[in-house]
Each structure stands twice: as C-alpha cells, then as structure tokens.
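Here's the structure, in structure tokens; my notes come after.
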Amino acid sequence: MAGAGAPAAPRPARPGFDVIVVGAGIMGSCTAHAAASRGSRVLLLERFDLLHPLGSSHGDSRIIRDAYAQPRYLRMVRLARRLWAAAEAEAGYRVLTPTPHLSMGPRACAALAAAVANDGAEEVRDDLGSRWGGAFAFTVPDPSDGWVTALSDHGGVLSATKAVAMFQSLAVAKGAVVRDNTEVVGIEKAPEGGVVVKASGGEAYHGSKCVVTVGAWAAKLLGSVSGVDLPITPLHTLHLYWRVRPGKEQSLSASAGFPTFSSYGDPPVYGTPSLEVPGLIKISCDGGPPCDPDARDWLAGDAEVTDRVARWIQEAMPGHVDAAGGPVVRQSCMCAMTPDADFVVDFLGGELGRDVVVGVGFSGHGFKMGPAVGRILAEMAIDGDSQTAAEAGVDLGFFRIGRFDGNPMGNAKKD
Ligand SMILES: Cc1cc2nc3c(=O)[nH]c(=O)nc-3n(C[C@H](O)[C@H](O)[C@H](O)COP(=O)(O)OP(=O)(O)OC[C@H]3O[C@@H](n4cnc5c(N)ncnc54)[C@H](O)[C@@H]3O)c2cc1C
C-alpha cells in the first residue's frame with residue numbers, strides 16, 4: 001500500500017471505447033450523438049458539471065442565419081438545419097424557433113453584400129419604419145444613401161442550453177457514456193493502438209479515437225498534450241438583455257415575426273426577438289477583451305461594451321427598447337477566436353496523428369453549426385474522412401491547422 005503523501009499508482013486504462021469525446025459543449029455533445037448514432041461505443045468527458053455556464057454554449061439563445069459571406073458556411077448551415085430538424089424529430093421537442101433575418105450596414109461592406117446575396121435576402125425598399133410597429137428608427141432606405149437593409153426567411157433562434165441537453169440525452173439514449181466533473185489532462189498514444197485519455201483524478205480511458213472539443217481551453221490543452229501551438233484566443237463576451245418599452249412587447253416578439261438581426265456597422269451589433277424572457281430583448285455586440293479561461297476577471301470591458309450597445313439602441317430602436325436603464329440581464333460567455341474567424345476542424349497530427357480529431361476555434365459563430373460539425377468530427381474519427389462534408393460541398397481544407405504554418409492570419413489572406 002502506498003504511504004500517505006505518496007503519488008497514487010496509475011490506474012490501468014479502462015478498455016472499451018471507440019470514440020472518446022473531450023468537452024461537452026454543443027460541439028462535443030453533437031459529436032457524441034453522431035458517433036453513438038453510428039453504433040460506436042462513445043465516452044463523453046466534461047471537466048465541469050453538465051450544462052455549466054463557464055464555457056461558450058450556455059444561455060437561452062443563439063442566432064441561426066444563412067446570411068454568410070463565405071459559401072463554406074452557407075453550405076454548412078444548410079446541412080446543420082437539416083440535422084437540427086432531424087434531432088428535434090428524434091427528441092420529440094423543438095429547440096429552434098424560425099424567424100426572419102434582417103441584415104443591415106454600410107453598402108460598401110463587401111462581407112454584408114456577399115452575405116445578403118448568398119442568403120437570397122431581399123433588399124428592403126419600403127419604409128422599414130412601417131414594419132414591426134416601427135421598431136427600427138431607420139427611414140426609407142434610399143439606394144444612394146450608403147446603407148443597406150435586407151430581409152430573408154432564413155433566421156431563427158436556438159435555445160442554447162436546451163439544445164446541448166437535447167444532444168446529450170440523445171447520445172445517452174444511443175448508448176453513450178457521459179462523465180462530468182472529469183478534467184482531461186493527458187492524451188497519449190496507447191502501446192496497443194489508439195489513445196489513452198487521462199483525467200486529473202487519475203482515471204485513464206482507452207479509446208480507438210479521441211475527439212477534442214474543449215472550446216476556449218483548446219490552446220492550453222492541445223499545447224500541453226501535443227505541443228501544437230494553436231492560435232486560438234479566448235475572448236470575454238456578453239449576452240445583454242434590455243427592457244422592452246411598455247406596450248411594445250408584441251411588436252418585438254418572435255410570434256409577431258420580429259427578426260433576428262445583424263448590424264454590420266460599428267459597433268457590430270446583433271439581436272434576437274423577445275422570446276425567452278417576456279418583456280426583455282437580447283441585443284449584444286461582437287467581441288470583447290482576451291481572457292484566461294481559468295482566471296477570468298468576469299467584468300473586464302463590460303462597461304465599454306454595454307455603452308456601445310446602449311448608444312446603438314438609442315439611435316436604432318429608441319422608441320421600443322429602454323437603453324437608459326442599462327441592461328437588465330448580463331451573462332458572460334467566451335468566444336474562442338482564430339485570427340481568420342474560421343473554425344479548426346482537423347486531425348491533430350504529430351505523434352497522435354489521425355487518432356485525435358480536433359474541433360475548436362468556433363470564433364463566436366459556431367453554435368448554429370453544432371450538428372453539422374458533430375457529424376463531420378464523428379465521421380473523421382470513425383471513417384478517417386467526412387462523406388457528409390463532401391456531399392454538402394463543405395471544403396474542410398479551409399479548417400486545417402496547417403493554414404497557419406508560416407501564415408499567422410490563415411485564411412484571412414485568401415478571402
Ligand atoms: C456571447 C456569445 C454569443 C454567441 N452568439 C452566437 C450566435 O448567435 N450564433 C452562433 O452560431 N454562435 C454564437 N456564439 C458562438 C457559440 O456559442 C460557440 O461557437 C459554441 O458554443 C462553441 O461550442 P464549443 O462546444 O466549441 O465550446 P464550449 O461550449 O465551451 O464547450 C467546451 C467544453 O469543453 C470543456 N472542457 C474544457 N477543457 C476540458 C478538459 N480538459 N477536460 C474535459 N472537458 C473540458 C469545457 O468545460 C466546456 O464544457 C456565441 C458565443 C458567445 C460567447
């Protein structure tokens with residue numbers, strides 16, 4: 001018997017998983033479901049409690065929109081929509097509320113023009129002020145005024161935490177094993193083939209393949225297990241909910257057809273209809289200061305972001321949303337940013353080769369893609385390639401780790 005204070009003897013690896021998924025946010029939960037649906041023996045490991053609010057996938061809402069400038073994301077979101085619908089049918093309840101989507105911003109913005117064109121959005125030529133009870137203070141858009149507003153049917157709101165829980169439940173129903181409060185600290189090549197995944201409590205699990213979906217912890221974990229230096233920066237970002245002015249609740253509601261929206265100007269603001277909390281509406285802003293996911297300040301930059309959004313509301317929606325009182329609810333979140341805002345979906349390489357698949361760096365726009373990313377990661381682990389991506393026309397070449405070799409900005413140079 002080891003004496004007090006002696007290091008615990010390493011426990012032997014437990015046999016028996018085809019795919020071990022590390023990290024149970026939306027990406028890991030969708031991957032576990034997709035792999036288990038293929039009949040694989042799946043283990044899903046999560047460092048904190050399931051559905052915790054410390055990463056990127058918690059909260060009441062995320063936007064799903066087809067308005068993307070790059071065709072790779074348009075194709076991926078269309079694939080994801082089919083898979084969201086299939087998962088809802090399997091679960092027997094809904095997590096996606098369809099809405100229109102409104103894009104707006106400076107006419108000279110190339111990304112906006114491409115997103116509007118790819119989305120098939122119609123430019124709004126009547127008085128925007130006559131829609132949704134005059135919620136937006138913009139007047140008749142004159143094509144020469146340097147400003148574009150365009151509307152499509154391709155928006156929607158995803159109930160975020162509910163959706164993660166749905167995929168976890170579906171994965172368990174297909175036989176996946178889930179272990180929360182289990183922090184992975186090591187991923188090593190197993191002498192008998194496959195990998196051994198080691199947790200901080202001394203547990204060791206053997207898997208044929210491992211999929212790493214650890215969100216904002218990606219650079220830390222992958223750096224320590226493989227020495228790969230991924231340029232992923234965690235940002236501290238905010239969900240902000242504001243009070244709808246009395247009497248305006250119905251015009252801003254999802255049931256009245258109020259859209260999800262993105263404003264491409266400065267600041268880059270987005271919003272969802274009043275839905276999850278009656279009388280409140282979510283309007284937030286992209287970006288935030290870099291943070292250490294293990295030593296967060298929780299308030300850094302909040303006043304500045306809140307002020308920028310409040311000023312936007314006062315200009316764009318003054319009659320419908322009370323900005324002067326400040327946000328009624330603010331919830332912290334993290335975005336795992338790559339330099340080009342493109343995802344990282346690849347084999348890890350190095351000594352771990354194709355035994356470890358990585359799905360990280362979703363750069364503040366990954367949630368909507370969860371079921372598509374999960375299916376792709378599961379196929380890469382099980383088949384060594386993704387037929388689903390190929391059939392959907394999603395070129396995984398854009399998501400390779402190697403794009404940063406000698407090129408710190410990755411795809412930002414190509415687009
Ligand atoms: C404020 C905000 C608004 C957003 N809005 C939208 C939107 O409208 N539409 C959209 O599509 N996307 C949006 N996103 C982005 C989207 O939420 C993220 O891209 C997505 O949730 C990323 O999921 P993930 O599974 O990669 O990361 P996470 O949800 O963070 O999951 C990673 C998990 O790994 C776990 N983990 C970490 N390290 C370990 C370890 N060593 N061992 C075991 N487990 C570990 C973590 O605890 C965590 O649970 C938004 C993000 C934010 C922050």
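Letters A, B, ... go to the chains of the structure tokens in the order shown; residues in each chain start at 1; ligands are counted from 1 in the same order.
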
* Give the residues close to ligand 1, within 6 Å, counting only C-alpha atoms and all ligand atoms; write them as a VMD selection string. => chain A and resid 22 to 28 45 to 48 55 to 57 62 to 64 182 to 185 213 to 217 237 to 239 333 to 335 360 362 to 368

Produce a table with one row for each residue of stretch 208-256 of chain A that has an atom at most 6 Å from any atom of stretch 320-332 of chain A, each row naming the nearest atom pair and its distance in Å at one decimal; use only C-alpha atoms; arrange rows by chain and rising residue number; format as CSV.
residue,atom,partner,partner_atom,distance
A:Thr237,CA,A:Ser332,CA,5.9
A:Leu238,CA,A:Ser332,CA,4.8
A:His239,CA,A:Gln331,CA,5.1
A:Leu240,CA,A:Arg330,CA,4.7
A:Tyr241,CA,A:Val329,CA,5.0
A:Trp242,CA,A:Pro327,CA,4.7
A:Arg243,CA,A:Asp322,CA,5.6
A:Val244,CA,A:Val321,CA,4.6
A:Arg245,CA,A:His320,CA,5.2
A:Lys248,CA,A:His320,CA,5.9

* Asked: A:Leu112, A:Leu275, A:Leu54, A:Ala91: which is nearest A:Val148, counting only C-alpha atoms?
  -> A:Leu112

* Long-range neighbours of A:Pro339 as a VMD selection string, 8 Å cut-off, only C-alpha atoms, 2 positions minimum in chain -> chain A and resid 231 to 232 337 341 to 342 408 to 410 412

Output C-alpha atoms of each residue in that selection to a file, as a compact mmCIF listing (two decimals), in the first residue's frame.
# COMPACT_ATOMS: atom_id res chain seq x y z
CA PRO A 231 -3.58 30.49 -32.44
CA ILE A 232 -6.87 30.50 -30.53
CA MET A 337 -11.25 33.22 -31.73
CA ALA A 341 -12.52 33.64 -37.58
CA ASP A 342 -12.59 30.27 -39.37
CA PRO A 408 -0.37 33.75 -38.87
CA MET A 409 -3.55 35.15 -40.43
CA GLY A 410 -4.59 31.85 -42.04
CA ALA A 412 -7.79 35.95 -43.81

* To do: Name the residues of stretch 48-237 of chain A that come out as helix (DSSP H, G or I) in a backbone DSSP run; write them as JSON, numbers by chain.
  => {"A": [71, 72, 73, 74, 75, 76, 77, 78, 79, 80, 81, 82, 83, 84, 85, 86, 87, 88, 89, 90, 91, 110, 111, 112, 113, 114, 115, 116, 117, 118, 119, 128, 129, 130, 132, 133, 134, 160, 161, 162, 163, 164, 165, 166, 167, 168, 169, 170, 171, 172, 173, 215, 216, 217, 218, 219, 220, 221, 222, 223, 224, 225, 226]}

* Could you tell me, as a PyMOL selection string, which residues of stretch 223-286 of chain A DSSP assigns to strand (DSSP E) when given the backbone? => chain A and resi 233-244+260-263+269-271+280-285

Using N, CA and C atoms, can you write the selected residues to a file as a tab-separated table (two decimals), in the first residue's frame?
chain	number	residue	atom	x	y	z
A	233	THR	N	-7.56	32.48	-29.38
A	233	THR	CA	-7.59	33.44	-28.27
A	233	THR	C	-8.99	33.47	-27.65
A	234	PRO	N	-9.11	33.12	-26.37
A	234	PRO	CA	-10.42	33.24	-25.71
A	234	PRO	C	-10.76	34.72	-25.48
A	235	LEU	N	-11.97	35.10	-25.83
A	235	LEU	CA	-12.45	36.46	-25.55
A	235	LEU	C	-13.59	36.40	-24.54
A	236	HIS	N	-13.59	37.35	-23.65
A	236	HIS	CA	-14.70	37.50	-22.69
A	236	HIS	C	-15.79	38.33	-23.38
A	237	THR	N	-16.95	37.73	-23.58
A	237	THR	CA	-18.03	38.42	-24.29
A	237	THR	C	-19.32	38.35	-23.46
A	238	LEU	N	-20.31	39.12	-23.91
A	238	LEU	CA	-21.51	39.28	-23.08
A	238	LEU	C	-22.80	39.03	-23.86
A	239	HIS	N	-23.74	38.38	-23.20
A	239	HIS	CA	-25.14	38.40	-23.64
A	239	HIS	C	-25.81	39.51	-22.84
A	240	LEU	N	-26.47	40.44	-23.52
A	240	LEU	CA	-27.13	41.55	-22.82
A	240	LEU	C	-28.63	41.54	-23.14
A	241	TYR	N	-29.44	41.61	-22.11
A	241	TYR	CA	-30.90	41.70	-22.29
A	241	TYR	C	-31.36	43.06	-21.79
A	242	TRP	N	-32.22	43.70	-22.61
A	242	TRP	CA	-32.69	45.05	-22.32
A	242	TRP	C	-34.22	45.02	-22.16
A	243	ARG	N	-34.73	46.02	-21.43
A	243	ARG	CA	-36.17	46.09	-21.19
A	243	ARG	C	-36.88	46.66	-22.43
A	244	VAL	N	-37.92	45.95	-22.86
A	244	VAL	CA	-38.76	46.45	-23.94
A	244	VAL	C	-39.69	47.51	-23.35
A	260	THR	N	-34.45	37.95	-36.21
A	260	THR	CA	-33.08	38.04	-35.72
A	260	THR	C	-32.39	39.08	-36.60
A	261	PHE	N	-31.39	39.79	-36.07
A	261	PHE	CA	-30.77	40.80	-36.91
A	261	PHE	C	-29.28	40.94	-36.64
A	262	SER	N	-28.57	41.37	-37.69
A	262	SER	CA	-27.13	41.67	-37.58
A	262	SER	C	-26.91	43.04	-38.19
A	263	SER	N	-26.22	43.90	-37.46
A	263	SER	CA	-25.86	45.21	-37.98
A	263	SER	C	-24.35	45.24	-38.18
A	269	VAL	N	-23.45	44.93	-34.05
A	269	VAL	CA	-24.50	44.55	-33.09
A	269	VAL	C	-25.37	43.44	-33.67
A	270	TYR	N	-25.88	42.57	-32.81
A	270	TYR	CA	-26.84	41.56	-33.26
A	270	TYR	C	-27.94	41.44	-32.22
A	271	GLY	N	-29.08	40.89	-32.63
A	271	GLY	CA	-30.18	40.75	-31.68
A	271	GLY	C	-31.12	39.64	-32.06
A	280	LEU	N	-38.26	41.33	-22.23
A	280	LEU	CA	-36.85	41.64	-22.46
A	280	LEU	C	-36.46	41.23	-23.87
A	281	ILE	N	-35.43	41.89	-24.40
A	281	ILE	CA	-34.92	41.54	-25.72
A	281	ILE	C	-33.40	41.48	-25.65
A	282	LYS	N	-32.82	40.48	-26.34
A	282	LYS	CA	-31.35	40.36	-26.33
A	282	LYS	C	-30.76	41.17	-27.47
A	283	ILE	N	-29.93	42.13	-27.13
A	283	ILE	CA	-29.17	42.91	-28.13
A	283	ILE	C	-27.75	43.00	-27.60
A	284	SER	N	-26.79	42.47	-28.36
A	284	SER	CA	-25.40	42.43	-27.90
A	284	SER	C	-24.47	42.84	-29.02
A	285	CYS	N	-23.21	42.71	-28.74
A	285	CYS	CA	-22.19	43.24	-29.64
A	285	CYS	C	-21.06	42.21	-29.73

* **A:Trp84 surroundings by only C-alpha atoms, 9 Å radius, close-in-sequence under 2 positions cut, as a PyMOL selection string** => chain A and resi 79-82+86-89+95-96+368+370-372

Same residues, N, CA and C atoms, saved as a PDB file, in the first residue's frame:
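Final output, saved to selection-v2.pdb:
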ATOM      1  N   LEU A  79     -26.684  22.334 -44.129  1.00  0.00           N
ATOM      2  CA  LEU A  79     -26.553  20.971 -43.607  1.00  0.00           C
ATOM      3  C   LEU A  79     -27.015  20.943 -42.146  1.00  0.00           C
ATOM      4  N   ALA A  80     -26.556  21.920 -41.376  1.00  0.00           N
ATOM      5  CA  ALA A  80     -26.909  21.960 -39.949  1.00  0.00           C
ATOM      6  C   ALA A  80     -28.424  22.057 -39.769  1.00  0.00           C
ATOM      7  N   ARG A  81     -29.090  22.858 -40.590  1.00  0.00           N
ATOM      8  CA  ARG A  81     -30.553  22.992 -40.441  1.00  0.00           C
ATOM      9  C   ARG A  81     -31.240  21.640 -40.595  1.00  0.00           C
ATOM     10  N   ARG A  82     -30.775  20.848 -41.580  1.00  0.00           N
ATOM     11  CA  ARG A  82     -31.381  19.520 -41.763  1.00  0.00           C
ATOM     12  C   ARG A  82     -31.137  18.665 -40.515  1.00  0.00           C
ATOM     13  N   ALA A  86     -33.710  16.960 -37.797  1.00  0.00           N
ATOM     14  CA  ALA A  86     -33.698  15.511 -37.535  1.00  0.00           C
ATOM     15  C   ALA A  86     -33.568  15.239 -36.036  1.00  0.00           C
ATOM     16  N   ALA A  87     -32.716  16.018 -35.355  1.00  0.00           N
ATOM     17  CA  ALA A  87     -32.535  15.809 -33.909  1.00  0.00           C
ATOM     18  C   ALA A  87     -33.811  16.177 -33.153  1.00  0.00           C
ATOM     19  N   GLU A  88     -34.455  17.263 -33.573  1.00  0.00           N
ATOM     20  CA  GLU A  88     -35.718  17.639 -32.922  1.00  0.00           C
ATOM     21  C   GLU A  88     -36.752  16.520 -33.087  1.00  0.00           C
ATOM     22  N   ALA A  89     -36.790  15.931 -34.275  1.00  0.00           N
ATOM     23  CA  ALA A  89     -37.758  14.851 -34.509  1.00  0.00           C
ATOM     24  C   ALA A  89     -37.418  13.649 -33.621  1.00  0.00           C
ATOM     25  N   VAL A  95     -36.068  22.943 -30.392  1.00  0.00           N
ATOM     26  CA  VAL A  95     -35.097  23.877 -29.806  1.00  0.00           C
ATOM     27  C   VAL A  95     -34.857  25.064 -30.737  1.00  0.00           C
ATOM     28  N   LEU A  96     -35.466  25.040 -31.916  1.00  0.00           N
ATOM     29  CA  LEU A  96     -35.245  26.105 -32.911  1.00  0.00           C
ATOM     30  C   LEU A  96     -36.564  26.801 -33.218  1.00  0.00           C
ATOM     31  N   LYS A 368     -24.781  27.468 -34.227  1.00  0.00           N
ATOM     32  CA  LYS A 368     -25.758  27.056 -35.244  1.00  0.00           C
ATOM     33  C   LYS A 368     -25.280  25.861 -36.051  1.00  0.00           C
ATOM     34  N   GLY A 370     -23.514  23.362 -34.876  1.00  0.00           N
ATOM     35  CA  GLY A 370     -23.191  22.246 -33.996  1.00  0.00           C
ATOM     36  C   GLY A 370     -23.475  20.863 -34.574  1.00  0.00           C
ATOM     37  N   PRO A 371     -24.690  20.593 -35.027  1.00  0.00           N
ATOM     38  CA  PRO A 371     -24.958  19.235 -35.509  1.00  0.00           C
ATOM     39  C   PRO A 371     -24.145  18.878 -36.759  1.00  0.00           C
ATOM     40  N   ALA A 372     -23.852  19.865 -37.597  1.00  0.00           N
ATOM     41  CA  ALA A 372     -23.040  19.596 -38.797  1.00  0.00           C
ATOM     42  C   ALA A 372     -21.597  19.316 -38.397  1.00  0.00           C
TER      43      ALA A 372
END

* Write out as a list in words each polymer residue whose atoms come within 9 Å of stretch 393-407 of chain A, counting only C-alpha atoms; drop sequence neighbours fewer than 6 positions from it. => Pro71, Arg72, Tyr73, Leu74, Arg75, Met76, Leu230, Pro231, Asp342, Phe343, Val344, Val345, Asp346, Phe347, Leu348, Ser386 and Lys413 of chain A

* Between atom CA of A:Thr388 and atom CA of A:Gly16, what is the spacing in Å? ->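 Computing the Euclidean distance for atom CA of A:Gly16 and atom CA of A:Thr388 yields 26.4 Å.
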
Which stretch 325-359 of chain A residues have any atom within 8 Å of an atom of stretch 375-385 of chain A, and for each, what is the nearest pair of atoms with distance in Å to one decimal, counting only C-alpha atoms, rows sorted by chain and number, as CSV?
residue,atom,partner,partner_atom,distance
A:Val345,CA,A:Leu377,CA,7.4
A:Arg354,CA,A:Gly384,CA,7.5
A:Asp355,CA,A:Ala381,CA,7.2
A:Val356,CA,A:Ala381,CA,7.5
A:Val357,CA,A:Ala381,CA,6.4
A:Val358,CA,A:Leu377,CA,7.6
A:Gly359,CA,A:Leu377,CA,6.9

Generate a file of the selected residues that holds C-alpha atoms, formatted as a compact mmCIF listing (two decimals), in the first residue's frame.
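New file result-v1.txt:
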# COMPACT_ATOMS: atom_id res chain seq x y z
CA VAL A 345 -11.59 21.01 -37.84
CA ARG A 354 -5.12 10.71 -37.10
CA ASP A 355 -6.10 9.18 -33.76
CA VAL A 356 -7.05 12.60 -32.41
CA VAL A 357 -9.54 14.83 -34.20
CA VAL A 358 -9.89 18.47 -33.20
CA GLY A 359 -12.99 20.69 -33.44

* Asked: Residues at most 12 Å from stretch 170-181 of chain A, counting only C-alpha atoms, excluding those fewer than 4 positions away in the same chain, as a ChimeraX atom specification?
  -> /A:16-25,28-52,86-93,163-166,199-201,203,205,374

* Do a neighbour search on A:Val225 at 8 Å with only C-alpha atoms, toss out local chain neighbours closer than 2 positions, and write the hits as a list in words. =>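 Close residues of A:Val225: Val185, Gly186, Ile187, Glu188, Leu221, Leu222, Gly223 and Gly227 of chain A.
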
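Comparing the minimum interatomic distances between A:Gly120 and each of A:Gly194, A:Gly105, A:Gly155, A:Pro98, counting only C-alpha atoms, we find that A:Gly155 sits nearest.
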